[in-house]
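For reference, coords.cif (mmCIF, C-alpha atoms):
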```cif
data_entry
#
loop_
_atom_site.label_atom_id
_atom_site.label_comp_id
_atom_site.auth_asym_id
_atom_site.auth_seq_id
_atom_site.Cartn_x
_atom_site.Cartn_y
_atom_site.Cartn_z
CA MET A 686 -25.68 -4.30 -12.31
CA GLY A 687 -27.10 -7.66 -11.26
CA ASP A 688 -25.91 -10.56 -13.41
CA LYS A 689 -24.57 -8.10 -15.99
CA TRP A 690 -21.46 -7.59 -13.84
CA GLY A 691 -18.39 -9.84 -14.06
CA ASP A 692 -15.00 -10.16 -12.36
CA LEU A 693 -11.71 -10.71 -14.21
CA GLY A 694 -8.01 -10.56 -13.51
CA PHE A 695 -5.89 -8.18 -15.58
CA ALA A 696 -4.36 -10.91 -17.75
CA GLU A 697 -7.76 -12.55 -18.19
CA ALA A 698 -9.23 -9.22 -19.29
CA LEU A 699 -6.77 -8.99 -22.19
CA MET A 700 -7.92 -12.38 -23.41
CA PHE A 701 -11.60 -11.57 -22.89
CA PHE A 702 -11.40 -8.42 -25.05
CA ASN A 703 -10.85 -10.67 -28.08
CA GLN A 704 -13.90 -12.83 -27.39
CA PRO A 705 -17.31 -12.25 -29.05
CA GLU A 706 -18.87 -11.63 -25.61
CA ALA A 707 -16.75 -8.48 -25.26
CA GLU A 708 -18.57 -6.76 -28.14
CA THR A 709 -21.41 -5.73 -25.80
CA LEU A 710 -19.11 -4.59 -22.98
CA GLU A 711 -19.76 -0.94 -22.07
CA PHE A 712 -17.03 -0.24 -19.53
CA ILE A 713 -14.53 -1.79 -17.15
CA ALA A 714 -13.67 -0.71 -13.60
CA MET A 715 -9.97 -1.28 -12.83
CA ALA A 716 -9.38 -1.60 -9.08
CA ILE A 717 -5.71 -1.18 -8.16
CA ASP A 718 -3.59 -0.47 -5.12
CA ALA A 719 0.08 0.16 -4.36
CA GLU A 720 1.08 -3.47 -5.03
CA ASP A 721 -0.11 -3.17 -8.64
CA GLU A 722 2.42 -0.42 -9.41
CA GLU A 723 4.91 -3.19 -10.22
CA ASN A 724 2.70 -4.15 -13.19
CA LEU A 725 2.08 -0.74 -14.76
CA VAL A 726 2.93 -2.00 -18.23
CA LEU A 727 0.24 -4.69 -17.95
CA LEU A 728 -2.28 -2.19 -16.55
CA GLY A 729 -1.51 0.22 -19.35
CA GLU A 730 -2.01 -2.53 -21.92
CA VAL A 731 -5.44 -3.34 -20.44
CA ILE A 732 -6.45 0.30 -20.82
CA THR A 733 -5.04 0.50 -24.36
CA GLN A 734 -6.84 -2.66 -25.48
CA ALA A 735 -10.09 -1.55 -23.88
CA ARG A 736 -9.94 1.80 -25.64
CA ALA A 737 -9.16 0.07 -28.94
CA GLN A 738 -12.38 -1.92 -28.52
CA GLY A 739 -14.41 1.21 -27.69
CA ILE A 740 -14.73 0.21 -24.02
CA LYS A 741 -14.66 2.98 -21.41
CA VAL A 742 -12.34 2.67 -18.40
CA ILE A 743 -12.98 3.71 -14.79
CA LEU A 744 -9.86 3.70 -12.60
CA ILE A 745 -10.40 2.94 -8.89
CA ALA A 746 -7.18 3.43 -6.92
CA GLU A 747 -6.07 3.10 -3.32
CA ASP A 748 -2.65 4.31 -2.10
CA VAL A 749 -1.30 4.63 -5.64
CA SER A 750 1.47 7.17 -6.28
CA PRO A 751 0.78 10.30 -8.38
CA ALA A 752 3.34 9.14 -10.95
CA ALA A 753 1.53 5.84 -11.49
CA LEU A 754 -1.87 7.54 -11.76
CA HIS A 755 -0.40 10.04 -14.21
CA GLN A 756 0.85 7.23 -16.45
CA LEU A 757 -2.44 5.32 -16.41
CA LEU A 758 -4.53 8.42 -17.05
CA ARG A 759 -2.31 9.24 -20.02
CA LYS A 760 -3.05 5.77 -21.37
CA GLY A 761 -6.68 6.85 -21.74
CA ALA A 762 -8.62 6.04 -18.56
CA ASP A 763 -11.92 7.94 -18.76
CA GLU A 764 -12.68 8.39 -15.06
CA PHE A 765 -10.78 8.18 -11.76
CA VAL A 766 -12.39 7.34 -8.41
CA PRO A 767 -10.44 7.09 -5.13
CA TYR A 768 -10.89 4.20 -2.73
CA PRO A 769 -12.56 4.00 -0.22
CA LEU A 770 -15.34 5.13 -2.53
CA PRO A 771 -17.02 8.45 -1.71
CA GLU A 772 -20.79 8.16 -1.48
CA ASN A 773 -22.44 7.77 -4.90
CA GLU A 774 -19.16 8.61 -6.67
CA LEU A 775 -18.94 5.34 -8.61
CA ALA A 776 -22.54 5.71 -9.80
CA ALA A 777 -21.78 9.29 -10.89
CA ALA A 778 -18.68 8.14 -12.79
CA ILE A 779 -20.67 5.46 -14.60
CA SER A 780 -23.33 8.01 -15.48
CA ARG A 781 -20.71 10.37 -16.94
CA ILE A 782 -19.06 7.79 -19.17
CA GLN A 783 -22.43 6.63 -20.51
CA GLN A 784 -23.13 10.10 -21.88
CA PRO A 785 -22.26 10.51 -25.57
CA ASP A 786 -19.09 12.44 -26.39
CA PRO A 787 -19.83 16.08 -27.34
CA GLU A 788 -19.45 17.01 -30.98
CA PRO A 789 -17.77 20.28 -32.04
CA GLU A 790 -20.37 22.90 -32.86
CA ASN A 791 -18.64 23.84 -36.10
CA GLU A 792 -15.46 23.23 -38.00
CA HIS A 793 -13.75 26.27 -36.47
CA ASP A 794 -14.25 24.93 -32.94
CA GLY A 795 -13.17 21.42 -33.81
CA HIS A 796 -9.55 21.97 -32.79
CA ILE A 797 -10.59 22.49 -29.18
CA MET A 798 -11.46 18.80 -28.85
CA THR A 799 -8.34 17.46 -30.59
CA ARG A 800 -5.27 16.12 -28.80
CA THR A 801 -2.94 15.45 -31.71
CA GLY A 802 -2.60 16.53 -35.28
CA GLY A 803 -4.89 19.29 -36.51
CA GLY A 804 -1.97 20.99 -38.21
CA LYS A 805 -0.46 21.93 -34.87
CA GLY A 806 1.95 19.19 -33.87
CA ASP A 807 2.42 15.46 -33.59
CA ARG A 808 2.80 15.09 -29.81
CA ASN A 809 0.33 14.50 -27.01
CA GLY A 810 1.99 15.94 -23.92
CA ALA A 811 1.08 15.32 -20.30
CA VAL A 812 -0.23 18.31 -18.33
CA LEU A 813 1.14 18.79 -14.80
CA VAL A 814 -0.29 21.67 -12.78
CA CYS A 815 1.12 23.43 -9.70
CA HIS A 816 -1.34 25.41 -7.55
CA GLY A 817 -0.43 26.94 -4.20
CA LEU A 818 -3.30 26.97 -1.71
CA SER A 819 -1.67 29.70 0.36
CA GLY A 820 0.87 32.44 -0.26
CA GLY A 821 4.47 31.31 -0.34
CA SER A 822 3.64 27.60 -0.41
CA GLY A 823 6.17 26.97 -3.18
CA ALA A 824 4.02 26.34 -6.26
CA THR A 825 6.23 28.37 -8.62
CA THR A 826 9.36 26.81 -7.14
CA LEU A 827 7.96 23.35 -7.85
CA ALA A 828 6.76 24.28 -11.35
CA VAL A 829 10.12 25.74 -12.40
CA ASN A 830 12.25 23.00 -10.92
CA ILE A 831 10.19 20.02 -12.00
CA ALA A 832 10.25 21.44 -15.54
CA TYR A 833 14.04 21.76 -15.30
CA GLU A 834 14.46 18.22 -13.97
CA LEU A 835 12.13 16.70 -16.58
CA SER A 836 14.04 18.42 -19.37
CA ALA A 837 17.24 16.62 -18.29
CA GLY A 838 15.77 13.27 -19.29
CA PRO A 839 16.06 9.96 -17.39
CA ALA A 840 18.94 9.18 -15.05
CA LYS A 841 22.04 7.80 -16.76
CA THR A 842 22.75 5.01 -14.26
CA GLY A 843 21.29 2.26 -16.46
CA LYS A 844 20.01 0.45 -13.37
CA LYS A 845 17.50 2.90 -11.96
CA ARG A 846 14.21 1.21 -11.12
CA GLY A 847 15.23 -1.92 -13.01
CA ARG A 848 15.26 -0.34 -16.45
CA LYS A 849 17.69 -1.49 -19.11
CA LYS A 850 20.51 0.82 -19.90
CA LYS A 851 19.38 1.40 -23.47
CA ALA A 852 16.34 3.29 -22.14
CA THR A 853 18.64 6.14 -21.14
CA ASP A 854 19.71 6.57 -24.76
CA ALA A 855 16.33 8.06 -25.63
CA PRO A 856 16.33 11.81 -26.28
CA PRO A 857 15.24 14.02 -23.38
CA PRO A 858 11.61 15.12 -23.49
CA LYS A 859 10.47 18.50 -24.76
CA VAL A 860 9.12 20.57 -21.87
CA CYS A 861 6.93 23.67 -21.93
CA LEU A 862 6.34 25.83 -18.84
CA LEU A 863 3.24 28.07 -18.87
CA ASP A 864 2.86 30.88 -16.31
CA LEU A 865 -0.88 31.56 -16.12
CA ASP A 866 -0.63 33.85 -13.10
CA LEU A 867 -1.31 36.97 -15.17
CA GLN A 868 -0.85 39.36 -12.25
CA TYR A 869 1.98 38.16 -10.04
CA GLY A 870 3.50 35.45 -12.21
CA SER A 871 7.19 35.07 -11.37
CA VAL A 872 8.37 32.15 -13.52
CA GLY A 873 10.29 34.65 -15.65
CA THR A 874 12.00 35.99 -12.53
CA TYR A 875 12.93 32.51 -11.32
CA LEU A 876 14.61 31.82 -14.67
CA ASP A 877 15.90 35.36 -15.34
CA LEU A 878 13.82 35.75 -18.49
CA PRO A 879 12.39 39.04 -19.79
CA ARG A 880 8.65 39.64 -20.11
CA ARG A 881 7.54 40.56 -23.60
CA GLU A 882 4.56 42.17 -25.28
CA ALA A 883 4.23 39.10 -27.49
CA VAL A 884 2.64 37.27 -24.54
CA TYR A 885 -0.13 39.85 -24.21
CA GLU A 886 -0.73 39.76 -27.96
CA LEU A 887 -1.07 35.98 -27.81
CA LEU A 888 -3.45 36.01 -24.85
CA SER A 889 -5.65 38.75 -26.26
CA ASP A 890 -6.36 36.88 -29.52
CA THR A 891 -5.95 33.13 -29.15
CA GLU A 892 -8.39 32.48 -32.01
CA ALA A 893 -5.74 33.74 -34.42
CA MET A 894 -3.00 31.67 -32.76
CA ASP A 895 -1.12 29.17 -34.88
CA ALA A 896 2.07 27.25 -34.24
CA ASP A 897 4.28 30.16 -35.37
CA VAL A 898 2.53 32.72 -33.17
CA PHE A 899 2.73 30.38 -30.20
CA ARG A 900 6.41 29.69 -30.79
CA GLN A 901 7.23 33.39 -31.05
CA ALA A 902 5.67 34.04 -27.64
CA LEU A 903 7.89 31.43 -25.97
CA LEU A 904 11.34 32.02 -24.54
CA GLY A 905 14.00 29.35 -24.25
CA PHE A 906 15.97 28.58 -21.10
CA GLU A 907 19.33 26.90 -21.72
CA ASP A 908 17.84 25.16 -24.78
CA ARG A 909 16.01 22.89 -22.33
CA ILE A 910 12.69 24.55 -21.46
CA SER A 911 10.29 26.66 -23.53
CA VAL A 912 8.62 29.22 -21.29
CA LEU A 913 5.49 31.33 -21.70
CA THR A 914 6.09 34.04 -19.11
CA ALA A 915 3.46 36.22 -17.48
CA PRO A 916 2.62 39.45 -19.40
CA THR A 917 4.63 42.62 -18.90
CA GLU A 918 1.82 44.47 -17.12
CA MET A 919 -0.55 43.28 -14.41
CA LEU A 920 -3.73 42.09 -16.12
CA PRO A 921 -7.14 40.97 -14.84
CA LEU A 922 -7.46 37.19 -14.58
CA ASP A 923 -10.66 37.27 -16.64
CA LEU A 924 -8.73 38.67 -19.62
CA ILE A 925 -8.68 35.11 -20.90
CA THR A 926 -11.65 32.76 -21.11
CA GLN A 927 -12.03 29.02 -20.84
CA ASP A 928 -11.76 28.71 -24.62
CA ASP A 929 -8.55 30.77 -24.63
CA VAL A 930 -6.93 28.53 -22.02
CA GLN A 931 -8.13 25.41 -23.84
CA ARG A 932 -6.50 26.58 -27.08
CA ILE A 933 -3.21 27.36 -25.35
CA ILE A 934 -3.07 24.00 -23.59
CA ASP A 935 -4.00 22.14 -26.78
CA MET A 936 -1.29 23.94 -28.71
CA ALA A 937 1.33 23.24 -26.03
CA ARG A 938 0.37 19.57 -25.74
CA SER A 939 0.66 19.05 -29.48
CA HIS A 940 4.27 20.28 -29.52
CA PHE A 941 5.69 19.13 -26.16
CA ASP A 942 5.99 15.93 -24.13
CA PHE A 943 5.33 17.67 -20.80
CA VAL A 944 3.35 20.86 -20.19
CA ILE A 945 3.85 22.38 -16.72
CA ILE A 946 1.35 25.05 -15.65
CA ASP A 947 1.91 27.49 -12.78
CA MET A 948 -1.53 28.63 -11.62
CA PRO A 949 -2.62 31.74 -9.70
CA LYS A 950 -3.81 31.15 -6.14
CA THR A 951 -7.18 32.66 -7.08
CA ILE A 952 -9.86 30.32 -8.41
CA VAL A 953 -11.22 31.67 -11.69
CA GLN A 954 -13.62 30.42 -14.32
CA TRP A 955 -10.91 28.81 -16.41
CA THR A 956 -9.49 26.90 -13.41
CA GLU A 957 -12.07 24.26 -14.35
CA THR A 958 -10.55 23.96 -17.83
CA VAL A 959 -7.05 23.44 -16.44
CA LEU A 960 -8.29 20.92 -13.87
CA ASN A 961 -10.06 18.88 -16.52
CA GLU A 962 -7.01 18.87 -18.80
CA ALA A 963 -4.49 18.00 -16.07
CA GLN A 964 -3.13 14.50 -15.65
CA VAL A 965 -1.79 15.50 -12.22
CA TYR A 966 -2.87 18.63 -10.30
CA PHE A 967 -0.41 19.36 -7.49
CA ALA A 968 -2.01 21.35 -4.65
CA LEU A 969 0.73 22.73 -2.40
CA ILE A 970 0.04 23.31 1.29
CA GLU A 971 1.99 23.98 4.47
CA MET A 972 1.58 23.03 8.12
CA ASP A 973 -0.49 26.05 9.05
CA MET A 974 -4.10 27.11 9.54
CA ARG A 975 -4.18 29.08 6.26
CA SER A 976 -3.51 25.99 4.20
CA ALA A 977 -5.98 23.87 6.18
CA GLN A 978 -8.83 26.35 5.77
CA ASN A 979 -8.09 26.99 2.10
CA THR A 980 -7.97 23.26 1.40
CA GLN A 981 -11.43 22.83 2.91
CA ARG A 982 -12.77 25.75 0.87
CA LEU A 983 -11.29 24.43 -2.36
CA LYS A 984 -12.67 20.93 -1.81
CA ARG A 985 -16.15 22.28 -1.09
CA ALA A 986 -16.05 24.55 -4.14
CA LEU A 987 -15.00 21.75 -6.51
CA GLN A 988 -17.50 19.29 -5.06
CA ALA A 989 -20.32 21.83 -5.33
CA GLU A 990 -19.58 22.22 -9.05
CA GLU A 991 -19.13 18.44 -9.49
CA LEU A 992 -15.57 18.94 -10.70
CA PRO A 993 -12.94 16.16 -10.47
CA VAL A 994 -11.61 16.93 -6.99
CA GLU A 995 -9.96 13.49 -7.02
CA LYS A 996 -7.31 14.83 -9.42
CA LEU A 997 -5.79 16.95 -6.64
CA ARG A 998 -2.48 15.59 -5.35
CA TYR A 999 -1.63 17.29 -2.09
CA VAL A 1000 2.01 18.29 -1.58
CA LEU A 1001 3.19 19.35 1.87
CA ASN A 1002 6.01 21.85 1.52
CA ARG A 1003 8.48 22.49 4.36
CA ALA A 1004 7.43 19.20 5.91
CA PRO A 1005 8.84 18.03 9.27
CA LYS A 1006 12.05 16.02 9.16
CA PHE A 1007 11.90 12.25 9.35
CA THR A 1008 13.28 12.32 12.89
CA ASP A 1009 10.64 14.81 14.06
CA LEU A 1010 8.12 12.31 15.40
CA SER A 1011 5.77 14.94 16.84
CA GLY A 1012 5.82 16.76 13.51
CA ARG A 1013 4.93 13.55 11.70
CA GLN A 1014 1.97 13.09 14.02
CA ARG A 1015 0.78 16.63 13.20
CA VAL A 1016 0.95 15.82 9.50
CA LYS A 1017 -1.11 12.68 10.08
CA ARG A 1018 -3.74 14.60 12.06
CA LEU A 1019 -3.87 17.32 9.40
CA ALA A 1020 -4.58 14.74 6.67
CA GLU A 1021 -7.22 13.00 8.79
CA THR A 1022 -8.94 16.26 9.71
CA LEU A 1023 -9.11 17.43 6.10
CA ASP A 1024 -9.92 13.92 4.81
CA ILE A 1025 -7.12 14.07 2.25
CA ALA A 1026 -4.06 12.02 1.38
CA ILE A 1027 -0.80 13.97 1.58
CA GLU A 1028 1.13 11.97 -1.00
CA LEU A 1029 4.28 14.09 -1.25
CA GLN A 1030 6.25 15.78 1.51
CA PHE A 1031 9.02 18.17 0.54
CA PRO A 1032 11.67 19.29 3.06
CA ASP A 1033 12.55 22.91 3.76
CA GLY A 1034 15.31 23.88 1.37
CA GLY A 1035 16.29 26.89 3.48
CA ARG A 1036 17.64 30.23 2.32
CA GLN A 1037 19.46 28.61 -0.58
CA VAL A 1038 16.14 28.22 -2.41
CA THR A 1039 15.36 31.94 -2.18
CA GLN A 1040 18.89 32.88 -3.16
CA GLY A 1041 18.79 30.62 -6.21
CA ALA A 1042 15.48 32.15 -7.30
CA ASP A 1043 16.88 35.68 -6.86
CA HIS A 1044 19.73 34.79 -9.19
CA GLY A 1045 17.43 33.19 -11.77
CA VAL A 1046 18.98 29.73 -11.50
CA PRO A 1047 17.06 26.45 -10.91
CA LEU A 1048 17.96 24.36 -7.89
CA GLY A 1049 19.51 21.64 -10.05
CA ALA A 1050 22.11 24.10 -11.35
CA ALA A 1051 22.58 26.29 -8.28
CA ILE A 1052 22.39 23.85 -5.36
CA PRO A 1053 22.15 20.26 -6.68
CA LYS A 1054 22.69 18.69 -3.22
CA ASN A 1055 19.90 20.67 -1.54
CA PRO A 1056 17.35 18.28 0.04
CA LEU A 1057 14.41 20.00 -1.68
CA ARG A 1058 16.09 19.68 -5.06
CA ARG A 1059 16.70 15.98 -4.49
CA GLU A 1060 13.04 15.31 -3.70
CA ILE A 1061 11.88 17.21 -6.80
CA GLN A 1062 14.44 15.29 -8.85
CA LYS A 1063 13.05 11.98 -7.51
CA LEU A 1064 9.52 13.03 -8.48
CA ALA A 1065 10.63 14.02 -11.98
CA GLN A 1066 12.60 10.80 -12.46
CA SER A 1067 9.62 8.69 -11.40
CA LEU A 1068 7.50 10.42 -14.04
CA LEU A 1069 10.21 9.97 -16.66
CA ASP A 1070 10.82 6.32 -15.80
CA LEU A 1071 7.16 5.50 -16.24
CA ASP A 1072 6.90 7.55 -19.43
CA TYR A 1073 9.89 5.85 -21.07
CA ALA A 1074 8.81 2.39 -19.87
CA ALA A 1075 5.42 2.91 -21.46
CA ALA A 1076 7.03 4.14 -24.69
CA GLU A 1077 9.27 1.04 -24.84
CA ALA A 1078 6.29 -1.23 -24.25
CA GLU A 1079 4.36 0.40 -27.07
CA ALA A 1080 7.37 0.13 -29.38
#
```
What does the file become when written as structure tokens?
Amino acid sequence: MGDKWGDLGFAEALMFFNQPEAETLEFIAMAIDAEDEENLVLLGEVITQARAQGIKVILIAEDVSPAALHQLLRKGADEFVPYPLPENELAAAISRIQQPDPEPENEHDGHIMTRTGGGKGDRNGAVLVCHGLSGGSGATTLAVNIAYELSAGPAKTGKKRGRKKKATDAPPPKVCLLDLDLQYGSVGTYLDLPRREAVYELLSDTEAMDADVFRQALLGFEDRISVLTAPTEMLPLDLITQDDVQRIIDMARSHFDFVIIDMPKTIVQWTETVLNEAQVYFALIEMDMRSAQNTQRLKRALQAEELPVEKLRYVLNRAPKFTDLSGRQRVKRLAETLDIAIELQFPDGGRQVTQGADHGVPLGAAIPKNPLRREIQKLAQSLLDLDYAAAEAEA
């Protein structure tokens, strides 16, 4: 960049955006770490102001929680790069944001690019994805239960994470849970919901989908979650295309505050679409060789296709207890060997988790004091706290 590059603090940046010199600014690179999570409102305002001025935003983060990244990406950051910087990754991110935005080929395809409006809905929901990298790693359990916890709304303590009590008076968010495992999808089983032919009809002709068709394919769970179950029969994963998945996600985002997607373990062509749309992509692993090998394969596959592998947030299920020092060391060695950051560690919930799933009841209703349920509840509350804090700041 030479002398074209400048350095500013976050507060200084807000002032600079209003100066005449900012009119020629192409992009900003926001470098943050864990200490900056206390100033998420300020960081979000920097992104909002930059976007309002037509300035692209590259987010460079070190040791930042998935919840914080989720909130900042929702604010409109164009690119995310982890720190320490992978080789040539920053240059590649700059190259991507300098490319002109693609235009819809025709009016019919225009809705694929939209995020709000378009006659579909007035919301712009966040997309959270759960993908198990080995069988039985708990992806569906996480998807179902985080959807259930999010639908409850923020905690009613009035003091949680320093928020004012009036924040808890806001209505709970609208949550949609999509089961895109067309062959072995079991979200319906976990919530004791029937599978219907309407789902197959929706998937087989998404071009004709409107808000009414989409709504008719959904099933409600306790008036808290809207669920698109897997089809009645086992179907090939290539039944739907990238465009089909894009339309479904766009429709769900326009009507719901949170869209949770349960993915098949298999990588298919439209996995790329879901990855690009996701604000947070949870990759669930366990402490075994299967998960380690599959993680390496997935990383190589995404990097070979130049897909945003940095969106993956690794979740270790059935993690060692805090007092298991040798187990903690194994977790550390696993992360170092795979060159990943294991940002979430969930405890083993035991047989109660399986029993609750067999009865079609989420953990929060069946076994609220289970340690796994409590960790999922903490994750959901952190997402909700940030979401409501941002909404209050905007208001």
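Computed from the coordinates, the atom CA of A:Leu727 to atom CA of A:Phe695 distance equals 7.4 Å.
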Report the residues retrieved by the PyMOL selection byres ((chain A and resi 888) around 10) from the displayed file, expressed as a list in words.
Leu867, Ala883, Val884, Tyr885, Glu886, Leu887, Ser889, Asp890, Thr891, Glu892, Met894, Phe899, Ala902, Pro916, Leu924, Ile925, Thr926, Asp929, Val930 and Ile933 of chain A
Evaluate the PyMOL selection byres ((chain A and resi 759-769) around 7) and record the selected residues as a PyMOL selection string, following the chain and residue labels used in the document.
chain A and resi 729+732-733+741-747+755-758+770-771+775+778+811+964+995
Determine the residue membership of the PyMOL selection byres ((chain A and resi 1033) around 8) for the file above and supply it as a PyMOL selection string.
chain A and resi 1002-1004+1031-1032+1034-1035+1056-1057
Between atom CA of A:Val953 and atom CA of A:Leu813, what distance in Å does the model show, to one decimal?
18.1 Å
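Atom pair atom CA of A:Thr1039 / atom CA of A:Leu922: separated by 26.5 Å.
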